[in-house]
Amino acid sequence: MQLHPDFAFSFHLLGLCKAEAKEWQAAYSAASRSTELAPDFSHGWHAKGYAALELSNCKEAKNCFKRAIELNNTISWFYYHSALAELRSAFGEGDAAAAEDHLLTVLMLNPDHVECRQLLMQVLESQRAGGDSVSLGTEIRERELRLEVHERLLAHFEHQNLQANGQAF
């Protein structure tokens with residue numbers, strides 16, 4: 001396939017092909033070229049962030065996902081992968097609260113996102129395990145976590161609505 005050197009979408013597609021083949025450095029390079037050619041192409045930034053995440057460069061991944069979200073805040077996968085980057089770097093400079101916020105945003109955009117619900121439940125369970133020595137049965141714990149996810153999602157949605165309406169809280 002002959003690529004026009006200035007066609008950013010071609011580099012984006014090449015990066016996706018390389019990512020599918022798990023050739024992460026090549027995927028990162030192609031996505032980087034895509035963002036150089038089209039700095040406002042949100043999918044290019046997402047692809048670059050995903051490749052960076054797979055290369056264990058969480059800081060770069062977080063920056064790329066942040067830029068993708070700035071350009072297009074309606075795609076749930078951007079928030080989901082941003083949350084993964086935050087969680088993978090949680091022991092360093094990661095922000096578990098930011099990861100939780102991104103996961104809640106994913107559920108606002110796509111309530112049926114199964115992977116997100118599972119990850120959010122794991123995050124909440126690990127937070128709970130840090131400060132709760134009570135051992136609950138798995139079924140009860142799962143029900144409580146689902147309820148907590150639902151309550152946090154409602155609070156997050158309400159917070160977003162208040163911000164959109166310019167109301168202080």
# chains A, B, ... in the order shown; residues from 1 in each chain; ligands from 1
>>> residues_around(residues="Leu153 (chain A)", least_positions_apart="6", cutoff="8 Å", atoms="only C-alpha atoms", output="list of chain:residue names")
A:Leu104, A:Leu107, A:Met108
>>> residues_around(residues="Glu60 (chain A)", least_positions_apart="4", cutoff="10 Å", atoms="only C-alpha atoms", output="list in words")
Lys48, Gly49, Tyr50, Ala51, Ala52, Leu53, Leu55, Ser56, Cys64, Phe65, Lys66 and Ala85 of chain A
>>> residues_around(residues="region 154-165 of chain A", least_positions_apart="4", cutoff="12 Å", atoms="only C-alpha atoms", output="ChimeraX atom specification")
/A:100-109,111,147-150,169
>>> write_last_selection(atoms="all heavy atoms", output="tab-separated table (two decimals), in the first residue's frame")
chain	number	residue	atom	x	y	z
A	100	GLU	N	-11.42	6.84	38.57
A	100	GLU	CA	-12.82	6.60	38.91
A	100	GLU	C	-13.74	7.57	38.16
A	100	GLU	O	-14.77	7.17	37.61
A	100	GLU	CB	-13.03	6.75	40.41
A	100	GLU	CG	-14.45	6.50	40.86
A	100	GLU	CD	-14.65	6.74	42.35
A	100	GLU	OE1	-13.72	6.45	43.13
A	100	GLU	OE2	-15.73	7.20	42.71
A	101	ASP	N	-13.34	8.82	38.08
A	101	ASP	CA	-14.13	9.82	37.37
A	101	ASP	C	-14.26	9.46	35.89
A	101	ASP	O	-15.34	9.55	35.31
A	101	ASP	CB	-13.48	11.21	37.53
A	101	ASP	CG	-14.33	12.31	36.96
A	101	ASP	OD1	-15.51	12.43	37.36
A	101	ASP	OD2	-13.83	13.05	36.09
A	102	HIS	N	-13.16	9.01	35.29
A	102	HIS	CA	-13.21	8.61	33.88
A	102	HIS	C	-14.11	7.39	33.69
A	102	HIS	O	-14.87	7.32	32.71
A	102	HIS	CB	-11.81	8.31	33.34
A	102	HIS	CG	-10.98	9.52	33.10
A	102	HIS	ND1	-11.41	10.60	32.39
A	102	HIS	CD2	-9.72	9.82	33.48
A	102	HIS	CE1	-10.47	11.52	32.33
A	102	HIS	NE2	-9.43	11.06	33.00
A	103	LEU	N	-14.05	6.44	34.60
A	103	LEU	CA	-14.89	5.25	34.48
A	103	LEU	C	-16.36	5.62	34.60
A	103	LEU	O	-17.21	5.08	33.88
A	103	LEU	CB	-14.49	4.20	35.52
A	103	LEU	CG	-13.12	3.57	35.29
A	103	LEU	CD1	-12.72	2.73	36.51
A	103	LEU	CD2	-13.09	2.75	34.02
A	104	LEU	N	-16.68	6.54	35.49
A	104	LEU	CA	-18.06	6.99	35.62
A	104	LEU	C	-18.52	7.71	34.35
A	104	LEU	O	-19.67	7.56	33.92
A	104	LEU	CB	-18.21	7.89	36.85
A	104	LEU	CG	-18.06	7.18	38.19
A	104	LEU	CD1	-17.95	8.19	39.33
A	104	LEU	CD2	-19.23	6.23	38.43
A	105	THR	N	-17.62	8.47	33.75
A	105	THR	CA	-17.97	9.15	32.49
A	105	THR	C	-18.22	8.12	31.39
A	105	THR	O	-19.15	8.29	30.59
A	105	THR	CB	-16.85	10.13	32.08
A	105	THR	OG1	-16.67	11.09	33.13
A	105	THR	CG2	-17.19	10.84	30.79
A	106	VAL	N	-17.42	7.06	31.36
A	106	VAL	CA	-17.65	5.99	30.38
A	106	VAL	C	-19.07	5.46	30.54
A	106	VAL	O	-19.80	5.29	29.55
A	106	VAL	CB	-16.63	4.84	30.55
A	106	VAL	CG1	-17.03	3.64	29.70
A	106	VAL	CG2	-15.23	5.30	30.19
A	107	LEU	N	-19.48	5.21	31.78
A	107	LEU	CA	-20.80	4.65	32.01
A	107	LEU	C	-21.91	5.64	31.68
A	107	LEU	O	-23.02	5.24	31.31
A	107	LEU	CB	-20.93	4.15	33.45
A	107	LEU	CG	-20.09	2.92	33.76
A	107	LEU	CD1	-20.17	2.57	35.23
A	107	LEU	CD2	-20.50	1.75	32.89
A	108	MET	N	-21.63	6.93	31.79
A	108	MET	CA	-22.61	7.93	31.36
A	108	MET	C	-22.78	7.86	29.84
A	108	MET	O	-23.89	7.94	29.33
A	108	MET	CB	-22.17	9.34	31.75
A	108	MET	CG	-22.44	9.71	33.18
A	108	MET	SD	-21.88	11.37	33.59
A	108	MET	CE	-22.54	12.35	32.26
A	109	LEU	N	-21.67	7.74	29.13
A	109	LEU	CA	-21.71	7.71	27.67
A	109	LEU	C	-22.20	6.36	27.13
A	109	LEU	O	-22.84	6.31	26.08
A	109	LEU	CB	-20.32	8.00	27.10
A	109	LEU	CG	-19.77	9.40	27.38
A	109	LEU	CD1	-18.31	9.49	26.99
A	109	LEU	CD2	-20.60	10.45	26.64
A	111	PRO	N	-23.79	3.13	29.08
A	111	PRO	CA	-24.17	2.38	30.29
A	111	PRO	C	-23.97	0.87	30.18
A	111	PRO	O	-23.91	0.19	31.19
A	111	PRO	CB	-25.65	2.72	30.47
A	111	PRO	CG	-25.89	3.93	29.67
A	111	PRO	CD	-24.89	3.91	28.54
A	147	LEU	N	-24.46	-1.40	43.73
A	147	LEU	CA	-25.24	-0.29	44.26
A	147	LEU	C	-24.35	0.96	44.38
A	147	LEU	O	-24.77	2.07	44.02
A	147	LEU	CB	-25.85	-0.65	45.61
A	147	LEU	CG	-26.69	0.42	46.29
A	147	LEU	CD1	-27.86	0.81	45.39
A	147	LEU	CD2	-27.19	-0.07	47.63
A	148	GLU	N	-23.13	0.76	44.87
A	148	GLU	CA	-22.21	1.89	45.00
A	148	GLU	C	-21.88	2.49	43.63
A	148	GLU	O	-21.82	3.70	43.47
A	148	GLU	CB	-20.94	1.45	45.72
A	148	GLU	CG	-20.04	2.61	46.08
A	148	GLU	CD	-18.88	2.19	46.97
A	148	GLU	OE1	-18.94	1.13	47.61
A	148	GLU	OE2	-17.89	2.95	46.99
A	149	VAL	N	-21.65	1.63	42.63
A	149	VAL	CA	-21.40	2.12	41.27
A	149	VAL	C	-22.59	2.93	40.80
A	149	VAL	O	-22.44	4.03	40.26
A	149	VAL	CB	-21.11	0.94	40.30
A	149	VAL	CG1	-21.20	1.40	38.86
A	149	VAL	CG2	-19.75	0.33	40.59
A	150	HIS	N	-23.79	2.42	41.00
A	150	HIS	CA	-25.00	3.12	40.58
A	150	HIS	C	-25.12	4.48	41.29
A	150	HIS	O	-25.40	5.50	40.65
A	150	HIS	CB	-26.23	2.25	40.87
A	150	HIS	CG	-27.51	2.86	40.45
A	150	HIS	ND1	-27.87	2.99	39.12
A	150	HIS	CD2	-28.52	3.40	41.17
A	150	HIS	CE1	-29.05	3.58	39.05
A	150	HIS	NE2	-29.47	3.83	40.27
A	169	PHE	N	-22.06	24.30	43.57
A	169	PHE	CA	-22.54	23.27	44.49
A	169	PHE	C	-21.61	23.18	45.65
A	169	PHE	O	-20.53	23.64	45.70
A	169	PHE	CB	-22.71	21.92	43.82
A	169	PHE	CG	-21.62	21.57	42.87
A	169	PHE	CD1	-20.54	20.83	43.28
A	169	PHE	CD2	-21.64	22.01	41.55
A	169	PHE	CE1	-19.52	20.52	42.40
A	169	PHE	CE2	-20.64	21.70	40.68
A	169	PHE	CZ	-19.58	20.96	41.10
>>> residues_around(residues="region 37-41 of chain A", least_positions_apart="4", cutoff="10 Å", atoms="only C-alpha atoms", output="ChimeraX atom specification")
/A:5-9,11-12,31-33,45-46,67-68,70-72
>>> atom_distance(atom1="CA of Ile75 (chain A)", atom2="CA of Ala47 (chain A)")
13.0 Å
>>> atom_distance(atom1="CA of Ala99 (chain A)", atom2="CA of Glu54 (chain A)")
17.3 Å
>>> select_by_dssp(residues="region 34-133 of chain A", states="helix (DSSP H, G or I)", output="PDB file with N, CA and C atoms, in the first residue's frame")
ATOM      1  N   SER A  34       0.550  10.521  12.696  1.00  0.00           N
ATOM      2  CA  SER A  34      -0.830  10.949  12.482  1.00  0.00           C
ATOM      3  C   SER A  34      -1.141  12.221  13.267  1.00  0.00           C
ATOM      4  N   THR A  35      -0.699  12.288  14.531  1.00  0.00           N
ATOM      5  CA  THR A  35      -0.977  13.480  15.347  1.00  0.00           C
ATOM      6  C   THR A  35      -0.130  14.675  14.916  1.00  0.00           C
ATOM      7  N   GLU A  36       1.046  14.411  14.356  1.00  0.00           N
ATOM      8  CA  GLU A  36       1.864  15.514  13.818  1.00  0.00           C
ATOM      9  C   GLU A  36       1.175  16.150  12.618  1.00  0.00           C
ATOM     10  N   LEU A  37       0.624  15.305  11.757  1.00  0.00           N
ATOM     11  CA  LEU A  37      -0.021  15.794  10.537  1.00  0.00           C
ATOM     12  C   LEU A  37      -1.389  16.415  10.811  1.00  0.00           C
ATOM     13  N   SER A  42      -8.725  13.484  17.077  1.00  0.00           N
ATOM     14  CA  SER A  42      -8.828  12.835  18.388  1.00  0.00           C
ATOM     15  C   SER A  42      -8.482  11.352  18.343  1.00  0.00           C
ATOM     16  N   HIS A  43      -8.874  10.672  17.279  1.00  0.00           N
ATOM     17  CA  HIS A  43      -8.597   9.230  17.191  1.00  0.00           C
ATOM     18  C   HIS A  43      -7.100   8.945  17.066  1.00  0.00           C
ATOM     19  N   GLY A  44      -6.377   9.855  16.445  1.00  0.00           N
ATOM     20  CA  GLY A  44      -4.925   9.718  16.374  1.00  0.00           C
ATOM     21  C   GLY A  44      -4.298   9.790  17.759  1.00  0.00           C
ATOM     22  N   TRP A  45      -4.780  10.749  18.561  1.00  0.00           N
ATOM     23  CA  TRP A  45      -4.267  10.880  19.929  1.00  0.00           C
ATOM     24  C   TRP A  45      -4.620   9.654  20.770  1.00  0.00           C
ATOM     25  N   HIS A  46      -5.821   9.136  20.575  1.00  0.00           N
ATOM     26  CA  HIS A  46      -6.216   7.941  21.313  1.00  0.00           C
ATOM     27  C   HIS A  46      -5.325   6.755  20.938  1.00  0.00           C
ATOM     28  N   ALA A  47      -5.093   6.575  19.633  1.00  0.00           N
ATOM     29  CA  ALA A  47      -4.249   5.465  19.180  1.00  0.00           C
ATOM     30  C   ALA A  47      -2.819   5.601  19.711  1.00  0.00           C
ATOM     31  N   LYS A  48      -2.315   6.833  19.708  1.00  0.00           N
ATOM     32  CA  LYS A  48      -0.964   7.077  20.236  1.00  0.00           C
ATOM     33  C   LYS A  48      -0.921   6.764  21.732  1.00  0.00           C
ATOM     34  N   GLY A  49      -1.951   7.170  22.443  1.00  0.00           N
ATOM     35  CA  GLY A  49      -2.014   6.892  23.884  1.00  0.00           C
ATOM     36  C   GLY A  49      -2.100   5.407  24.177  1.00  0.00           C
ATOM     37  N   TYR A  50      -2.885   4.698  23.380  1.00  0.00           N
ATOM     38  CA  TYR A  50      -3.030   3.266  23.601  1.00  0.00           C
ATOM     39  C   TYR A  50      -1.711   2.539  23.363  1.00  0.00           C
ATOM     40  N   ALA A  51      -1.012   2.922  22.303  1.00  0.00           N
ATOM     41  CA  ALA A  51       0.294   2.307  22.032  1.00  0.00           C
ATOM     42  C   ALA A  51       1.278   2.647  23.152  1.00  0.00           C
ATOM     43  N   ALA A  52       1.266   3.890  23.611  1.00  0.00           N
ATOM     44  CA  ALA A  52       2.145   4.295  24.716  1.00  0.00           C
ATOM     45  C   ALA A  52       1.829   3.486  25.969  1.00  0.00           C
ATOM     46  N   LEU A  53       0.552   3.261  26.232  1.00  0.00           N
ATOM     47  CA  LEU A  53       0.144   2.472  27.389  1.00  0.00           C
ATOM     48  C   LEU A  53       0.677   1.043  27.285  1.00  0.00           C
ATOM     49  N   GLU A  54       0.581   0.457  26.098  1.00  0.00           N
ATOM     50  CA  GLU A  54       1.094  -0.899  25.892  1.00  0.00           C
ATOM     51  C   GLU A  54       2.619  -0.956  25.973  1.00  0.00           C
ATOM     52  N   CYS A  58       3.085   5.229  30.839  1.00  0.00           N
ATOM     53  CA  CYS A  58       1.801   5.699  31.349  1.00  0.00           C
ATOM     54  C   CYS A  58       1.675   7.219  31.301  1.00  0.00           C
ATOM     55  N   LYS A  59       2.769   7.926  31.559  1.00  0.00           N
ATOM     56  CA  LYS A  59       2.704   9.387  31.543  1.00  0.00           C
ATOM     57  C   LYS A  59       2.347   9.890  30.145  1.00  0.00           C
ATOM     58  N   GLU A  60       3.014   9.356  29.125  1.00  0.00           N
ATOM     59  CA  GLU A  60       2.716   9.726  27.739  1.00  0.00           C
ATOM     60  C   GLU A  60       1.291   9.332  27.379  1.00  0.00           C
ATOM     61  N   ALA A  61       0.879   8.140  27.795  1.00  0.00           N
ATOM     62  CA  ALA A  61      -0.473   7.668  27.501  1.00  0.00           C
ATOM     63  C   ALA A  61      -1.512   8.613  28.100  1.00  0.00           C
ATOM     64  N   LYS A  62      -1.311   9.007  29.352  1.00  0.00           N
ATOM     65  CA  LYS A  62      -2.269   9.911  30.002  1.00  0.00           C
ATOM     66  C   LYS A  62      -2.354  11.240  29.266  1.00  0.00           C
ATOM     67  N   ASN A  63      -1.218  11.763  28.832  1.00  0.00           N
ATOM     68  CA  ASN A  63      -1.217  13.029  28.087  1.00  0.00           C
ATOM     69  C   ASN A  63      -1.965  12.887  26.759  1.00  0.00           C
ATOM     70  N   CYS A  64      -1.748  11.784  26.073  1.00  0.00           N
ATOM     71  CA  CYS A  64      -2.430  11.553  24.787  1.00  0.00           C
ATOM     72  C   CYS A  64      -3.937  11.398  24.986  1.00  0.00           C
ATOM     73  N   PHE A  65      -4.333  10.624  25.986  1.00  0.00           N
ATOM     74  CA  PHE A  65      -5.760  10.436  26.236  1.00  0.00           C
ATOM     75  C   PHE A  65      -6.412  11.752  26.649  1.00  0.00           C
ATOM     76  N   LYS A  66      -5.694  12.546  27.429  1.00  0.00           N
ATOM     77  CA  LYS A  66      -6.216  13.856  27.836  1.00  0.00           C
ATOM     78  C   LYS A  66      -6.485  14.712  26.598  1.00  0.00           C
ATOM     79  N   ARG A  67      -5.550  14.706  25.654  1.00  0.00           N
ATOM     80  CA  ARG A  67      -5.719  15.487  24.428  1.00  0.00           C
ATOM     81  C   ARG A  67      -6.879  14.942  23.594  1.00  0.00           C
ATOM     82  N   ALA A  68      -7.000  13.627  23.503  1.00  0.00           N
ATOM     83  CA  ALA A  68      -8.108  13.020  22.746  1.00  0.00           C
ATOM     84  C   ALA A  68      -9.447  13.446  23.342  1.00  0.00           C
ATOM     85  N   ILE A  69      -9.549  13.446  24.670  1.00  0.00           N
ATOM     86  CA  ILE A  69     -10.786  13.831  25.351  1.00  0.00           C
ATOM     87  C   ILE A  69     -11.067  15.320  25.160  1.00  0.00           C
ATOM     88  N   GLU A  70     -10.015  16.149  25.190  1.00  0.00           N
ATOM     89  CA  GLU A  70     -10.207  17.577  24.938  1.00  0.00           C
ATOM     90  C   GLU A  70     -10.805  17.807  23.547  1.00  0.00           C
ATOM     91  N   LEU A  71     -10.370  17.006  22.583  1.00  0.00           N
ATOM     92  CA  LEU A  71     -10.833  17.165  21.209  1.00  0.00           C
ATOM     93  C   LEU A  71     -12.211  16.554  20.968  1.00  0.00           C
ATOM     94  N   SER A  76     -16.561   6.948  24.644  1.00  0.00           N
ATOM     95  CA  SER A  76     -16.332   6.289  25.931  1.00  0.00           C
ATOM     96  C   SER A  76     -14.972   5.607  26.015  1.00  0.00           C
ATOM     97  N   TRP A  77     -14.456   5.070  24.891  1.00  0.00           N
ATOM     98  CA  TRP A  77     -13.167   4.372  24.934  1.00  0.00           C
ATOM     99  C   TRP A  77     -12.034   5.316  25.315  1.00  0.00           C
ATOM    100  N   PHE A  78     -12.134   6.594  24.984  1.00  0.00           N
ATOM    101  CA  PHE A  78     -11.092   7.547  25.360  1.00  0.00           C
ATOM    102  C   PHE A  78     -10.995   7.617  26.883  1.00  0.00           C
ATOM    103  N   TYR A  79     -12.137   7.706  27.545  1.00  0.00           N
ATOM    104  CA  TYR A  79     -12.166   7.773  29.011  1.00  0.00           C
ATOM    105  C   TYR A  79     -11.736   6.448  29.633  1.00  0.00           C
ATOM    106  N   TYR A  80     -12.176   5.351  29.041  1.00  0.00           N
ATOM    107  CA  TYR A  80     -11.839   4.031  29.579  1.00  0.00           C
ATOM    108  C   TYR A  80     -10.334   3.803  29.561  1.00  0.00           C
ATOM    109  N   HIS A  81      -9.696   4.088  28.432  1.00  0.00           N
ATOM    110  CA  HIS A  81      -8.249   3.879  28.353  1.00  0.00           C
ATOM    111  C   HIS A  81      -7.497   4.896  29.205  1.00  0.00           C
ATOM    112  N   SER A  82      -8.039   6.084  29.352  1.00  0.00           N
ATOM    113  CA  SER A  82      -7.430   7.063  30.253  1.00  0.00           C
ATOM    114  C   SER A  82      -7.471   6.548  31.693  1.00  0.00           C
ATOM    115  N   ALA A  83      -8.590   5.943  32.063  1.00  0.00           N
ATOM    116  CA  ALA A  83      -8.698   5.355  33.408  1.00  0.00           C
ATOM    117  C   ALA A  83      -7.688   4.228  33.587  1.00  0.00           C
ATOM    118  N   LEU A  84      -7.513   3.406  32.563  1.00  0.00           N
ATOM    119  CA  LEU A  84      -6.512   2.327  32.646  1.00  0.00           C
ATOM    120  C   LEU A  84      -5.113   2.896  32.862  1.00  0.00           C
ATOM    121  N   ALA A  85      -4.804   3.984  32.148  1.00  0.00           N
ATOM    122  CA  ALA A  85      -3.485   4.610  32.308  1.00  0.00           C
ATOM    123  C   ALA A  85      -3.312   5.127  33.733  1.00  0.00           C
ATOM    124  N   GLU A  86      -4.349   5.731  34.270  1.00  0.00           N
ATOM    125  CA  GLU A  86      -4.278   6.220  35.654  1.00  0.00           C
ATOM    126  C   GLU A  86      -4.074   5.065  36.627  1.00  0.00           C
ATOM    127  N   LEU A  87      -4.803   3.991  36.426  1.00  0.00           N
ATOM    128  CA  LEU A  87      -4.697   2.851  37.338  1.00  0.00           C
ATOM    129  C   LEU A  87      -3.352   2.150  37.227  1.00  0.00           C
ATOM    130  N   ARG A  88      -2.830   2.030  36.014  1.00  0.00           N
ATOM    131  CA  ARG A  88      -1.527   1.369  35.844  1.00  0.00           C
ATOM    132  C   ARG A  88      -0.402   2.167  36.479  1.00  0.00           C
ATOM    133  N   ALA A  96      -6.101   7.733  41.341  1.00  0.00           N
ATOM    134  CA  ALA A  96      -7.218   6.793  41.397  1.00  0.00           C
ATOM    135  C   ALA A  96      -8.548   7.524  41.302  1.00  0.00           C
ATOM    136  N   ALA A  97      -8.631   8.724  41.874  1.00  0.00           N
ATOM    137  CA  ALA A  97      -9.873   9.503  41.796  1.00  0.00           C
ATOM    138  C   ALA A  97     -10.158   9.903  40.348  1.00  0.00           C
ATOM    139  N   ALA A  98      -9.121  10.279  39.605  1.00  0.00           N
ATOM    140  CA  ALA A  98      -9.301  10.628  38.187  1.00  0.00           C
ATOM    141  C   ALA A  98      -9.732   9.395  37.404  1.00  0.00           C
ATOM    142  N   ALA A  99      -9.153   8.242  37.725  1.00  0.00           N
ATOM    143  CA  ALA A  99      -9.537   7.002  37.049  1.00  0.00           C
ATOM    144  C   ALA A  99     -11.007   6.698  37.314  1.00  0.00           C
ATOM    145  N   GLU A 100     -11.418   6.839  38.568  1.00  0.00           N
ATOM    146  CA  GLU A 100     -12.821   6.596  38.911  1.00  0.00           C
ATOM    147  C   GLU A 100     -13.737   7.566  38.157  1.00  0.00           C
ATOM    148  N   ASP A 101     -13.343   8.820  38.080  1.00  0.00           N
ATOM    149  CA  ASP A 101     -14.126   9.825  37.367  1.00  0.00           C
ATOM    150  C   ASP A 101     -14.261   9.460  35.890  1.00  0.00           C
ATOM    151  N   HIS A 102     -13.163   9.011  35.286  1.00  0.00           N
ATOM    152  CA  HIS A 102     -13.206   8.613  33.879  1.00  0.00           C
ATOM    153  C   HIS A 102     -14.113   7.394  33.685  1.00  0.00           C
ATOM    154  N   LEU A 103     -14.046   6.443  34.596  1.00  0.00           N
ATOM    155  CA  LEU A 103     -14.887   5.254  34.477  1.00  0.00           C
ATOM    156  C   LEU A 103     -16.364   5.616  34.600  1.00  0.00           C
ATOM    157  N   LEU A 104     -16.679   6.538  35.490  1.00  0.00           N
ATOM    158  CA  LEU A 104     -18.064   6.989  35.621  1.00  0.00           C
ATOM    159  C   LEU A 104     -18.524   7.705  34.355  1.00  0.00           C
ATOM    160  N   THR A 105     -17.624   8.472  33.749  1.00  0.00           N
ATOM    161  CA  THR A 105     -17.966   9.150  32.495  1.00  0.00           C
ATOM    162  C   THR A 105     -18.224   8.125  31.394  1.00  0.00           C
ATOM    163  N   VAL A 106     -17.419   7.063  31.361  1.00  0.00           N
ATOM    164  CA  VAL A 106     -17.647   5.994  30.379  1.00  0.00           C
ATOM    165  C   VAL A 106     -19.071   5.455  30.537  1.00  0.00           C
ATOM    166  N   LEU A 107     -19.478   5.212  31.779  1.00  0.00           N
ATOM    167  CA  LEU A 107     -20.805   4.650  32.013  1.00  0.00           C
ATOM    168  C   LEU A 107     -21.913   5.638  31.677  1.00  0.00           C
ATOM    169  N   MET A 108     -21.626   6.935  31.793  1.00  0.00           N
ATOM    170  CA  MET A 108     -22.610   7.931  31.359  1.00  0.00           C
ATOM    171  C   MET A 108     -22.783   7.865  29.843  1.00  0.00           C
ATOM    172  N   LEU A 109     -21.673   7.737  29.129  1.00  0.00           N
ATOM    173  CA  LEU A 109     -21.708   7.706  27.668  1.00  0.00           C
ATOM    174  C   LEU A 109     -22.200   6.364  27.130  1.00  0.00           C
ATOM    175  N   VAL A 114     -19.491  -3.222  29.633  1.00  0.00           N
ATOM    176  CA  VAL A 114     -19.270  -4.274  30.630  1.00  0.00           C
ATOM    177  C   VAL A 114     -17.879  -4.184  31.251  1.00  0.00           C
ATOM    178  N   GLU A 115     -16.849  -4.008  30.422  1.00  0.00           N
ATOM    179  CA  GLU A 115     -15.481  -3.949  30.944  1.00  0.00           C
ATOM    180  C   GLU A 115     -15.330  -2.802  31.942  1.00  0.00           C
ATOM    181  N   CYS A 116     -15.991  -1.701  31.653  1.00  0.00           N
ATOM    182  CA  CYS A 116     -15.904  -0.544  32.544  1.00  0.00           C
ATOM    183  C   CYS A 116     -16.558  -0.845  33.889  1.00  0.00           C
ATOM    184  N   ARG A 117     -17.731  -1.444  33.862  1.00  0.00           N
ATOM    185  CA  ARG A 117     -18.407  -1.794  35.122  1.00  0.00           C
ATOM    186  C   ARG A 117     -17.531  -2.732  35.952  1.00  0.00           C
ATOM    187  N   GLN A 118     -16.930  -3.712  35.294  1.00  0.00           N
ATOM    188  CA  GLN A 118     -16.082  -4.657  36.011  1.00  0.00           C
ATOM    189  C   GLN A 118     -14.860  -3.953  36.603  1.00  0.00           C
ATOM    190  N   LEU A 119     -14.234  -3.084  35.819  1.00  0.00           N
ATOM    191  CA  LEU A 119     -13.058  -2.365  36.308  1.00  0.00           C
ATOM    192  C   LEU A 119     -13.426  -1.432  37.445  1.00  0.00           C
ATOM    193  N   LEU A 120     -14.546  -0.731  37.322  1.00  0.00           N
ATOM    194  CA  LEU A 120     -14.973   0.168  38.388  1.00  0.00           C
ATOM    195  C   LEU A 120     -15.261  -0.607  39.669  1.00  0.00           C
ATOM    196  N   MET A 121     -15.878  -1.770  39.532  1.00  0.00           N
ATOM    197  CA  MET A 121     -16.121  -2.590  40.716  1.00  0.00           C
ATOM    198  C   MET A 121     -14.803  -3.016  41.359  1.00  0.00           C
ATOM    199  N   GLN A 122     -13.800  -3.345  40.559  1.00  0.00           N
ATOM    200  CA  GLN A 122     -12.492  -3.716  41.111  1.00  0.00           C
ATOM    201  C   GLN A 122     -11.850  -2.532  41.828  1.00  0.00           C
ATOM    202  N   VAL A 123     -11.958  -1.354  41.226  1.00  0.00           N
ATOM    203  CA  VAL A 123     -11.385  -0.157  41.844  1.00  0.00           C
ATOM    204  C   VAL A 123     -12.056   0.106  43.186  1.00  0.00           C
ATOM    205  N   LEU A 124     -13.383   0.058  43.200  1.00  0.00           N
ATOM    206  CA  LEU A 124     -14.104   0.321  44.440  1.00  0.00           C
ATOM    207  C   LEU A 124     -13.819  -0.746  45.489  1.00  0.00           C
ATOM    208  N   GLU A 125     -13.705  -1.993  45.052  1.00  0.00           N
ATOM    209  CA  GLU A 125     -13.401  -3.062  46.002  1.00  0.00           C
ATOM    210  C   GLU A 125     -12.005  -2.896  46.591  1.00  0.00           C
ATOM    211  N   SER A 126     -11.045  -2.497  45.764  1.00  0.00           N
ATOM    212  CA  SER A 126      -9.695  -2.307  46.296  1.00  0.00           C
ATOM    213  C   SER A 126      -9.651  -1.114  47.246  1.00  0.00           C
ATOM    214  N   GLN A 127     -10.437  -0.070  46.959  1.00  0.00           N
ATOM    215  CA  GLN A 127     -10.513   1.066  47.880  1.00  0.00           C
ATOM    216  C   GLN A 127     -11.137   0.631  49.194  1.00  0.00           C
ATOM    217  N   ARG A 128     -12.177  -0.174  49.086  1.00  0.00           N
ATOM    218  CA  ARG A 128     -12.867  -0.651  50.276  1.00  0.00           C
ATOM    219  C   ARG A 128     -11.954  -1.583  51.085  1.00  0.00           C
ATOM    220  N   ALA A 129     -11.192  -2.435  50.414  1.00  0.00           N
ATOM    221  CA  ALA A 129     -10.314  -3.392  51.095  1.00  0.00           C
ATOM    222  C   ALA A 129      -9.242  -2.666  51.890  1.00  0.00           C
ATOM    223  N   GLY A 130      -8.837  -1.490  51.427  1.00  0.00           N
ATOM    224  CA  GLY A 130      -7.825  -0.718  52.137  1.00  0.00           C
ATOM    225  C   GLY A 130      -8.298  -0.224  53.485  1.00  0.00           C
ATOM    226  N   GLY A 131      -9.603   0.021  53.629  1.00  0.00           N
ATOM    227  CA  GLY A 131     -10.085   0.582  54.882  1.00  0.00           C
ATOM    228  C   GLY A 131     -11.161  -0.230  55.549  1.00  0.00           C
TER     229      GLY A 131
END
>>> atom_distance(atom1="CA of Asp112 (chain A)", atom2="CA of Asn57 (chain A)")
29.0 Å
